[in-house]
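What follows is the content of run.txt, which has compact mmCIF, C-alpha atoms:
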```txt
# COMPACT_ATOMS: atom_id res chain seq x y z
CA MET H 1 115.83 131.55 107.97
CA ILE H 2 117.69 134.39 109.69
CA ILE H 3 114.48 136.44 109.78
CA LEU H 4 112.48 133.53 111.18
CA ASP H 5 114.89 132.97 114.06
CA SER H 6 115.94 136.56 114.70
CA VAL H 7 114.07 136.80 118.03
CA LYS H 8 115.25 133.47 119.41
CA ASN H 9 118.84 134.20 118.47
CA GLU H 10 118.91 137.38 120.51
CA ASN H 11 119.08 135.08 123.54
CA LEU H 12 122.29 133.44 124.69
CA TYR H 13 122.39 129.65 124.42
CA PHE H 14 125.10 127.15 125.35
CA TRP H 15 127.30 128.17 122.41
CA GLY H 16 126.42 131.83 122.73
CA LYS H 17 124.73 134.06 120.21
CA ARG H 18 124.53 132.82 116.64
CA THR H 19 127.24 134.29 114.41
CA SER H 20 126.75 132.12 111.32
CA THR H 21 125.35 133.77 108.20
CA LEU H 22 122.87 130.90 107.80
CA ASP H 23 120.24 129.45 110.10
CA TRP H 24 118.02 126.59 109.02
CA CYS H 25 114.40 125.68 109.56
CA GLU H 26 115.04 123.40 112.52
CA GLU H 27 114.15 125.10 115.79
CA ASN H 28 117.29 126.03 117.71
CA TYR H 29 118.06 124.20 120.98
CA ALA H 30 114.61 122.59 120.90
CA LYS H 31 115.86 119.06 121.60
CA ASN H 32 119.09 119.55 123.52
CA HIS H 33 120.69 122.33 125.56
CA TYR H 34 124.11 121.63 124.04
CA ILE H 35 123.13 121.18 120.36
CA ALA H 36 121.62 124.06 118.39
CA GLU H 37 120.10 121.91 115.62
CA PHE H 38 119.70 118.35 116.86
CA TRP H 39 118.56 116.59 113.66
CA ASN H 40 120.79 118.57 111.32
CA THR H 41 123.73 117.60 113.53
CA LEU H 42 122.77 113.95 113.88
CA THR H 43 122.29 113.31 110.15
CA ASN H 44 125.94 114.17 109.50
CA PHE H 45 126.82 110.70 110.77
CA ALA H 46 125.86 109.61 107.24
CA PHE H 47 129.09 111.29 106.06
CA SER H 48 131.29 109.63 108.67
CA ASN H 49 129.81 106.17 108.13
CA LEU H 50 130.08 106.37 104.35
CA ALA H 51 133.59 107.82 104.58
CA TYR H 52 134.66 104.95 106.86
CA SER H 53 133.19 102.40 104.47
CA GLY H 54 134.95 103.98 101.50
CA ILE H 55 138.33 104.44 103.20
CA SER H 56 138.35 100.85 104.48
CA SER H 57 137.50 99.51 101.03
CA ASP H 58 139.98 101.75 99.19
CA LEU H 59 142.85 100.89 101.55
CA SER H 60 142.26 97.14 101.25
CA ALA H 61 142.04 97.39 97.44
CA ASN H 62 144.92 99.92 97.18
CA HIS H 63 142.99 102.41 95.06
CA GLY H 64 145.57 105.14 95.57
CA LYS H 65 146.16 108.36 97.47
CA ARG H 66 143.87 110.58 95.40
CA LEU H 67 140.71 108.74 96.33
CA ILE H 68 141.80 108.41 99.96
CA ALA H 69 142.27 112.20 99.99
CA CYS H 70 138.74 112.62 98.58
CA ARG H 71 137.34 110.32 101.27
CA LEU H 72 139.21 112.12 104.06
CA GLY H 73 137.97 115.46 102.76
CA PHE H 74 134.47 114.00 102.65
CA LEU H 75 134.87 112.96 106.29
CA LEU H 76 136.05 116.49 107.16
CA VAL H 77 132.92 117.93 105.52
CA GLY H 78 130.78 115.76 107.81
CA ILE H 79 132.72 116.79 110.91
CA GLY H 80 132.59 120.46 109.92
CA SER H 81 128.87 120.31 109.17
CA MET H 82 128.24 118.59 112.49
CA CYS H 83 130.11 121.35 114.32
CA PHE H 84 128.31 124.04 112.33
CA HIS H 85 124.80 122.79 113.03
CA ALA H 86 125.62 122.07 116.66
CA THR H 87 126.92 125.59 117.34
CA LEU H 88 125.67 127.94 114.57
CA LYS H 89 128.96 129.87 114.73
CA TYR H 90 130.62 131.54 111.74
CA SER H 91 133.92 129.72 112.35
CA THR H 92 132.31 126.29 112.21
CA GLN H 93 130.27 127.37 109.20
CA LEU H 94 133.55 127.86 107.35
CA LEU H 95 134.67 124.42 108.56
CA ASP H 96 131.57 123.04 106.83
CA GLU H 97 131.51 125.07 103.63
CA LEU H 98 135.18 125.43 102.63
CA PRO H 99 135.97 121.67 102.75
CA MET H 100 133.02 121.14 100.39
CA LEU H 101 134.90 123.20 97.79
CA TYR H 102 138.18 121.41 98.47
CA VAL H 103 136.63 117.95 98.08
CA ALA H 104 134.98 119.02 94.83
CA THR H 105 138.41 120.23 93.65
CA LEU H 106 140.05 116.92 94.62
CA SER H 107 137.34 115.06 92.71
CA SER H 108 137.98 117.27 89.67
CA TYR H 109 141.69 116.47 89.88
CA ALA H 110 140.99 112.72 90.16
CA LEU H 111 138.86 112.89 87.00
CA LEU H 112 141.32 115.06 85.06
CA GLU H 113 144.28 112.82 85.96
CA ILE H 114 142.42 109.52 85.72
CA HIS H 115 144.68 107.91 83.13
CA PRO H 116 147.65 105.70 84.13
CA ARG H 117 150.20 108.34 83.12
CA PRO H 118 149.83 111.94 84.38
CA ARG H 119 148.94 114.34 81.59
CA PHE H 120 149.32 117.73 83.26
CA GLY H 121 152.17 117.22 85.74
CA TRP H 122 152.61 119.74 88.55
CA LYS H 123 150.75 122.50 86.69
CA LEU H 124 147.27 121.11 87.38
CA PRO H 125 147.56 120.74 91.19
CA LEU H 126 149.17 124.18 91.34
CA ALA H 127 146.34 125.70 89.30
CA LEU H 128 143.68 124.02 91.44
CA PHE H 129 145.46 125.13 94.62
CA LEU H 130 145.51 128.74 93.41
CA ILE H 131 141.83 128.53 92.46
CA ASN H 132 140.97 127.24 95.93
CA LEU H 133 143.07 129.94 97.55
CA ALA H 134 141.42 132.68 95.49
CA VAL H 135 137.91 131.32 96.17
CA THR H 136 138.64 131.02 99.90
CA LEU H 137 139.93 134.60 100.17
CA ALA H 138 137.04 135.89 98.05
CA TYR H 139 134.51 134.08 100.22
CA LEU H 140 136.04 135.45 103.41
CA TRP H 141 135.80 138.92 101.86
CA VAL H 142 132.33 138.62 100.32
CA VAL H 143 130.75 136.58 103.19
CA ASP H 144 127.82 135.58 100.99
CA PRO H 145 126.59 131.94 101.12
CA ILE H 146 125.27 132.27 97.56
CA PHE H 147 128.85 132.79 96.34
CA HIS H 148 129.92 129.54 98.01
CA GLN H 149 126.94 127.62 96.65
CA VAL H 150 127.54 128.80 93.06
CA VAL H 151 131.23 127.87 93.14
CA PHE H 152 130.51 124.48 94.71
CA ALA H 153 127.76 123.74 92.18
CA SER H 154 130.14 124.69 89.33
CA PHE H 155 132.73 122.17 90.50
CA VAL H 156 130.09 119.46 90.92
CA LEU H 157 128.68 120.09 87.43
CA PHE H 158 132.19 119.94 85.98
CA CYS H 159 132.78 116.56 87.66
CA PHE H 160 129.57 115.14 86.19
CA ALA H 161 130.35 116.54 82.76
CA ARG H 162 133.91 115.18 82.83
CA GLY H 163 132.70 111.77 83.98
CA TYR H 164 130.09 111.69 81.23
CA VAL H 165 132.66 112.57 78.54
CA LEU H 166 135.13 109.92 79.71
CA MET H 167 132.41 107.31 79.97
CA GLY H 168 131.15 108.12 76.47
CA LYS H 169 134.42 106.90 74.96
CA LEU H 170 133.96 103.38 76.36
CA PRO H 171 132.45 100.48 74.39
CA ASP H 172 128.76 99.86 74.97
CA ASP H 173 128.90 96.85 77.30
CA HIS H 174 127.77 95.79 80.76
CA THR H 175 130.61 97.69 82.43
CA LYS H 176 129.55 100.95 80.79
CA HIS H 177 125.95 100.37 81.87
CA THR H 178 127.20 99.88 85.44
CA LEU H 179 129.07 103.19 85.25
CA ILE H 180 125.99 104.93 83.86
CA LEU H 181 123.97 103.56 86.78
CA LEU H 182 126.47 104.83 89.37
CA LEU H 183 126.74 108.29 87.81
CA SER H 184 122.96 108.58 87.31
CA ARG H 185 122.20 107.60 90.90
CA SER H 186 124.76 110.11 92.17
CA ALA H 187 123.21 112.89 90.04
CA LEU H 188 119.65 112.02 91.06
CA MET H 189 120.55 112.03 94.75
CA PHE H 190 122.27 115.40 94.39
CA ILE H 191 119.18 116.81 92.66
CA ALA H 192 116.83 115.30 95.24
CA GLY H 193 118.98 116.66 98.06
CA PHE H 194 118.98 120.12 96.51
CA GLY H 195 115.20 119.89 96.12
CA VAL H 196 114.47 119.03 99.75
CA TRP H 197 116.96 121.70 100.89
CA ASN H 198 114.92 124.34 99.07
CA LEU H 199 111.61 122.91 100.27
CA ASP H 200 112.99 123.23 103.81
CA ASN H 201 113.49 126.94 103.13
CA PHE H 202 110.25 127.72 101.29
CA LEU H 203 107.88 125.63 103.45
CA CYS H 204 109.50 126.30 106.81
CA HIS H 205 106.42 127.61 108.64
CA ARG H 206 104.29 124.71 107.45
CA LEU H 207 106.96 122.13 108.25
CA ARG H 208 107.36 123.50 111.76
CA SER H 209 103.63 123.21 112.26
CA TYR H 210 103.60 119.60 111.06
CA ARG H 211 106.59 118.72 113.22
CA SER H 212 104.95 120.15 116.33
CA TYR H 213 102.02 117.83 115.65
CA LEU H 214 104.16 114.70 115.09
CA GLN H 215 106.45 115.25 118.10
CA PHE H 216 109.79 113.55 118.77
CA PRO H 217 111.14 111.35 117.19
CA LEU H 218 108.76 111.32 114.18
CA ASP H 219 109.31 115.03 113.65
CA GLY H 220 112.80 114.12 112.43
CA LEU H 221 111.26 112.77 109.23
CA LEU H 222 110.31 116.33 108.25
CA GLN H 223 113.73 117.83 108.92
CA LEU H 224 114.44 118.25 105.23
CA HIS H 225 117.89 119.80 105.56
CA GLY H 226 118.87 116.62 107.38
CA TRP H 227 117.72 114.66 104.32
CA TRP H 228 120.03 116.89 102.24
CA HIS H 229 122.93 115.57 104.35
CA ILE H 230 121.92 111.94 103.84
CA LEU H 231 121.20 112.26 100.11
CA THR H 232 124.36 114.20 99.28
CA GLY H 233 126.38 111.81 101.44
CA TYR H 234 125.20 108.89 99.32
CA ALA H 235 125.60 110.98 96.13
CA CYS H 236 129.26 111.69 96.94
CA HIS H 237 129.94 108.05 97.80
CA TYR H 238 128.41 106.90 94.50
CA ALA H 239 130.49 109.54 92.67
CA PHE H 240 133.72 108.35 94.30
CA THR H 241 132.84 104.74 93.46
CA PHE H 242 132.17 105.81 89.87
CA ILE H 243 135.63 107.42 89.65
CA ILE H 244 137.32 104.29 91.01
CA LEU H 245 135.45 101.97 88.65
CA LEU H 246 136.08 104.25 85.67
CA ARG H 247 139.78 104.33 86.48
CA THR H 248 139.77 100.55 86.78
CA VAL H 249 138.27 100.30 83.30
CA LEU H 250 140.71 102.81 81.77
CA TRP H 251 143.65 101.03 83.39
CA ASN H 252 142.47 97.65 81.98
CA ASP H 253 142.32 96.25 85.50
CA LEU H 254 138.81 94.79 85.57
CA ASN H 255 140.01 91.25 86.15
CA ARG H 256 141.26 92.20 89.64
CA PHE H 257 138.21 94.09 90.95
CA GLU H 258 134.45 93.82 91.26
CA LEU H 259 131.62 96.11 92.35
CA LYS H 260 129.80 95.01 95.48
CA TYR H 261 126.90 96.50 97.46
CA ASN H 262 126.55 96.00 101.20
CA GLU H 263 123.28 95.63 103.12
CA PHE H 264 122.79 99.42 103.17
CA ALA H 265 123.01 99.76 99.36
CA VAL H 266 126.53 101.21 99.62
CA PRO H 267 128.70 100.25 96.61
CA ASN H 268 132.45 99.73 96.74
CA VAL H 269 134.98 98.48 94.21
CA VAL H 270 136.71 95.57 95.96
CA LEU H 271 139.33 92.96 95.10
CA ARG H 272 137.96 89.78 93.55
CA ARG H 273 138.04 86.84 95.91
CA HIS H 274 137.73 84.28 93.12
CA LYS H 275 138.15 84.15 89.36
CA SER H 276 135.08 85.22 87.45
CA LYS H 277 134.14 87.21 84.40
CA PRO H 278 134.66 90.96 84.89
CA PHE H 279 131.38 92.82 85.28
```

Let's see the structure in the file written out as structure tokens.
Amino acid sequence: MIILDSVKNENLYFWGKRTSTLDWCEENYAKNHYIAEFWNTLTNFAFSNLAYSGISSDLSANHGKRLIACRLGFLLVGIGSMCFHATLKYSTQLLDELPMLYVATLSSYALLEIHPRPRFGWKLPLALFLINLAVTLAYLWVVDPIFHQVVFASFVLFCFARGYVLMGKLPDDHTKHTLILLLSRSALMFIAGFGVWNLDNFLCHRLRSYRSYLQFPLDGLLQLHGWWHILTGYACHYAFTFIILLRTVLWNDLNRFELKYNEFAVPNVVLRRHKSKPF
């Protein structure tokens, strides 16, 4: 992507010359003088909307500080990514990429300390903090996006593996099937998002040609990195909902909560408004 846009980025735009180590397939400043990548910026509203939905639900149901911290970190990822794609500056790139690692770490902590009584005490948060610090310093030194992507993927894979192991210990009932559905949908959306992200890289010339034919606003449908934002946004929300529901099961608290989907297929674990059979 840097090679493809090397000529354009020699010019000065509203935010100045690009300093980020990554540049995506979307044509820079093609839609707006103030936004480098219009569609890649706009699609980050998926993060803010899903974060708002999750935070509102978690606060009303009192799901605890850990999940609120995950949601707030998730919101910060969306804000950072929006700033990154709007400016294509190295500083805002870090505001996008580093919070991704921190949210993945928070999710790992929530899954490791998912039982009612803490098992690891202060040692686990200290260890995760030191890991994040080391990864952050290493990334600032290495300045290689592949390093960030490998570390982030490792945390995500650990979260799925940990969730699968915990879920495997549950009895085979309707609740377990619901958990399997949430975790499977999260994994599939992550995989689909990763797939379209790579297609955006490999088929960039062809996609740009197709988009020039479709014109605004239909060209937005072929902004595949934007679809990565939407798909991973939903994937993270489903993963957070899975963690909350799994904790509810392990804490023997199913009689107080239920899983509900809104009109946009967004699931949340909410307080029961009437007595009914759990799941």

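Checking H:Leu112, H:Leu50, H:Phe38, H:Val135 one by one against H:Phe264, counting only C-alpha atoms, you find the shortest gap at H:Leu50.
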
Which one of H:Val103, H:Val142, H:Phe14, H:Glu113 sits closest to H:Phe129 if you count only C-alpha atoms? H:Val103

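Among the candidate residues H:Asn62, H:Ile243, H:Lys17, H:Ala86, the one lying nearest to H:His33 is H:Ala86, with distances computed using all atoms listed in the file.
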
Can you tell me which residues surround H:Pro145 at a distance of at most 9 Å, considering only C-alpha atoms, apart from same-chain residues fewer than 5 positions away, and format the answer as number ranges by chain? H: 21-22, 97, 139, 150

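Picture a line from atom CA of H:Leu126 to atom CA of H:Leu67; it runs 18.3 Å.
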
With only C-alpha atoms as the basis for distance, which of H:Ala104, H:Ala235, H:Leu76, H:Val249 is at the shortest distance from H:Ile131? H:Ala104

Sorted per-residue table, stretch 5-118 of chain H near stretch 200-208 of chain H, closest atoms and distance, 10 Å, all atoms listed in the file, as a Markdown table:
```
| residue | atom | partner | partner_atom | distance |
| --- | --- | --- | --- | --- |
| H:Trp24 | CA | H:Asn201 | CA | 7.4 |
| H:Cys25 | CA | H:Cys204 | CA | 5.7 |
| H:Glu26 | CA | H:Arg208 | CA | 7.7 |
| H:Glu27 | CA | H:Arg208 | CA | 8.1 |
```

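Each of H:Leu271, H:Ser48, H:Gly73, H:Ser209 was checked against H:Arg256 using all atoms listed in the file; the smallest atom-to-atom distance is that of H:Leu271.
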
Env of H:Leu88: 7 Å cut, atoms = only C-alpha atoms, seq-sep filter 6 positions within chain, self excluded. Answer as a PyMOL selection string. chain H and resi 18-20+36

Put a box with edges along x, y and z around all the listed atoms of stretch 188-191 of chain H, pad it by 5 Å on each side, then give me its centre and sizes in Å, one decimal, as AutoDock Vina command-line options.
```
--center_x 120.7 --center_y 114.4 --center_z 92.9 --size_x 13.1 --size_y 14.8 --size_z 13.7
```

Between H:Leu224, H:Ala265, H:His63, H:Ile180, which has the minimum distance to H:Ala110 (counting all atoms listed in the file)? H:His63

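Between atom CA of H:Phe194 and atom CA of H:Cys159 lies a distance of 16.8 Å.
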
What are the closest atom pairs, with distances in Å to one decimal, for each residue of stretch 17-124 of chain H lying within 10 Å of stretch 161-169 of chain H, using only C-alpha atoms, rows by chain and rising residue number, as a Markdown table?
```
| residue | atom | partner | partner_atom | distance |
| --- | --- | --- | --- | --- |
| H:Ser108 | CA | H:Arg162 | CA | 8.2 |
| H:Leu111 | CA | H:Arg162 | CA | 6.9 |
| H:Leu112 | CA | H:Arg162 | CA | 7.7 |
| H:Ile114 | CA | H:Leu166 | CA | 9.5 |
```

Any idea what's packed within 12 Å of stretch 229-234 of chain H, counting only C-alpha atoms, ignoring anything in its chain fewer than 5 positions away? Could you give it as a PDB file with C-alpha atoms, in the frame of the given file?
```
ATOM      1  CA  TRP H  39     118.560 116.590 113.660  1.00  0.00           C
ATOM      2  CA  ASN H  40     120.790 118.570 111.320  1.00  0.00           C
ATOM      3  CA  THR H  41     123.730 117.600 113.530  1.00  0.00           C
ATOM      4  CA  LEU H  42     122.770 113.950 113.880  1.00  0.00           C
ATOM      5  CA  THR H  43     122.290 113.310 110.150  1.00  0.00           C
ATOM      6  CA  ASN H  44     125.940 114.170 109.500  1.00  0.00           C
ATOM      7  CA  PHE H  45     126.820 110.700 110.770  1.00  0.00           C
ATOM      8  CA  ALA H  46     125.860 109.610 107.240  1.00  0.00           C
ATOM      9  CA  PHE H  47     129.090 111.290 106.060  1.00  0.00           C
ATOM     10  CA  SER H  48     131.290 109.630 108.670  1.00  0.00           C
ATOM     11  CA  ASN H  49     129.810 106.170 108.130  1.00  0.00           C
ATOM     12  CA  LEU H  50     130.080 106.370 104.350  1.00  0.00           C
ATOM     13  CA  ALA H  51     133.590 107.820 104.580  1.00  0.00           C
ATOM     14  CA  SER H  53     133.190 102.400 104.470  1.00  0.00           C
ATOM     15  CA  GLY H  54     134.950 103.980 101.500  1.00  0.00           C
ATOM     16  CA  ARG H  71     137.340 110.320 101.270  1.00  0.00           C
ATOM     17  CA  PHE H  74     134.470 114.000 102.650  1.00  0.00           C
ATOM     18  CA  LEU H  75     134.870 112.960 106.290  1.00  0.00           C
ATOM     19  CA  VAL H  77     132.920 117.930 105.520  1.00  0.00           C
ATOM     20  CA  GLY H  78     130.780 115.760 107.810  1.00  0.00           C
ATOM     21  CA  ILE H  79     132.720 116.790 110.910  1.00  0.00           C
ATOM     22  CA  SER H  81     128.870 120.310 109.170  1.00  0.00           C
ATOM     23  CA  MET H  82     128.240 118.590 112.490  1.00  0.00           C
ATOM     24  CA  HIS H  85     124.800 122.790 113.030  1.00  0.00           C
ATOM     25  CA  ASP H  96     131.570 123.040 106.830  1.00  0.00           C
ATOM     26  CA  MET H 100     133.020 121.140 100.390  1.00  0.00           C
ATOM     27  CA  VAL H 156     130.090 119.460  90.920  1.00  0.00           C
ATOM     28  CA  LEU H 182     126.470 104.830  89.370  1.00  0.00           C
ATOM     29  CA  LEU H 183     126.740 108.290  87.810  1.00  0.00           C
ATOM     30  CA  ARG H 185     122.200 107.600  90.900  1.00  0.00           C
ATOM     31  CA  SER H 186     124.760 110.110  92.170  1.00  0.00           C
ATOM     32  CA  ALA H 187     123.210 112.890  90.040  1.00  0.00           C
ATOM     33  CA  LEU H 188     119.650 112.020  91.060  1.00  0.00           C
ATOM     34  CA  MET H 189     120.550 112.030  94.750  1.00  0.00           C
ATOM     35  CA  PHE H 190     122.270 115.400  94.390  1.00  0.00           C
ATOM     36  CA  ILE H 191     119.180 116.810  92.660  1.00  0.00           C
ATOM     37  CA  ALA H 192     116.830 115.300  95.240  1.00  0.00           C
ATOM     38  CA  GLY H 193     118.980 116.660  98.060  1.00  0.00           C
ATOM     39  CA  PHE H 194     118.980 120.120  96.510  1.00  0.00           C
ATOM     40  CA  GLY H 195     115.200 119.890  96.120  1.00  0.00           C
ATOM     41  CA  VAL H 196     114.470 119.030  99.750  1.00  0.00           C
ATOM     42  CA  TRP H 197     116.960 121.700 100.890  1.00  0.00           C
ATOM     43  CA  LEU H 221     111.260 112.770 109.230  1.00  0.00           C
ATOM     44  CA  GLN H 223     113.730 117.830 108.920  1.00  0.00           C
ATOM     45  CA  LEU H 224     114.440 118.250 105.230  1.00  0.00           C
ATOM     46  CA  ALA H 239     130.490 109.540  92.670  1.00  0.00           C
ATOM     47  CA  PHE H 240     133.720 108.350  94.300  1.00  0.00           C
ATOM     48  CA  THR H 241     132.840 104.740  93.460  1.00  0.00           C
ATOM     49  CA  PHE H 264     122.790  99.420 103.170  1.00  0.00           C
ATOM     50  CA  ALA H 265     123.010  99.760  99.360  1.00  0.00           C
ATOM     51  CA  VAL H 266     126.530 101.210  99.620  1.00  0.00           C
ATOM     52  CA  PRO H 267     128.700 100.250  96.610  1.00  0.00           C
ATOM     53  CA  ASN H 268     132.450  99.730  96.740  1.00  0.00           C
TER      54      ASN H 268
END
```

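When atom CA of H:Trp141 is paired with atom CA of H:Ala127, their separation reads 21.1 Å.
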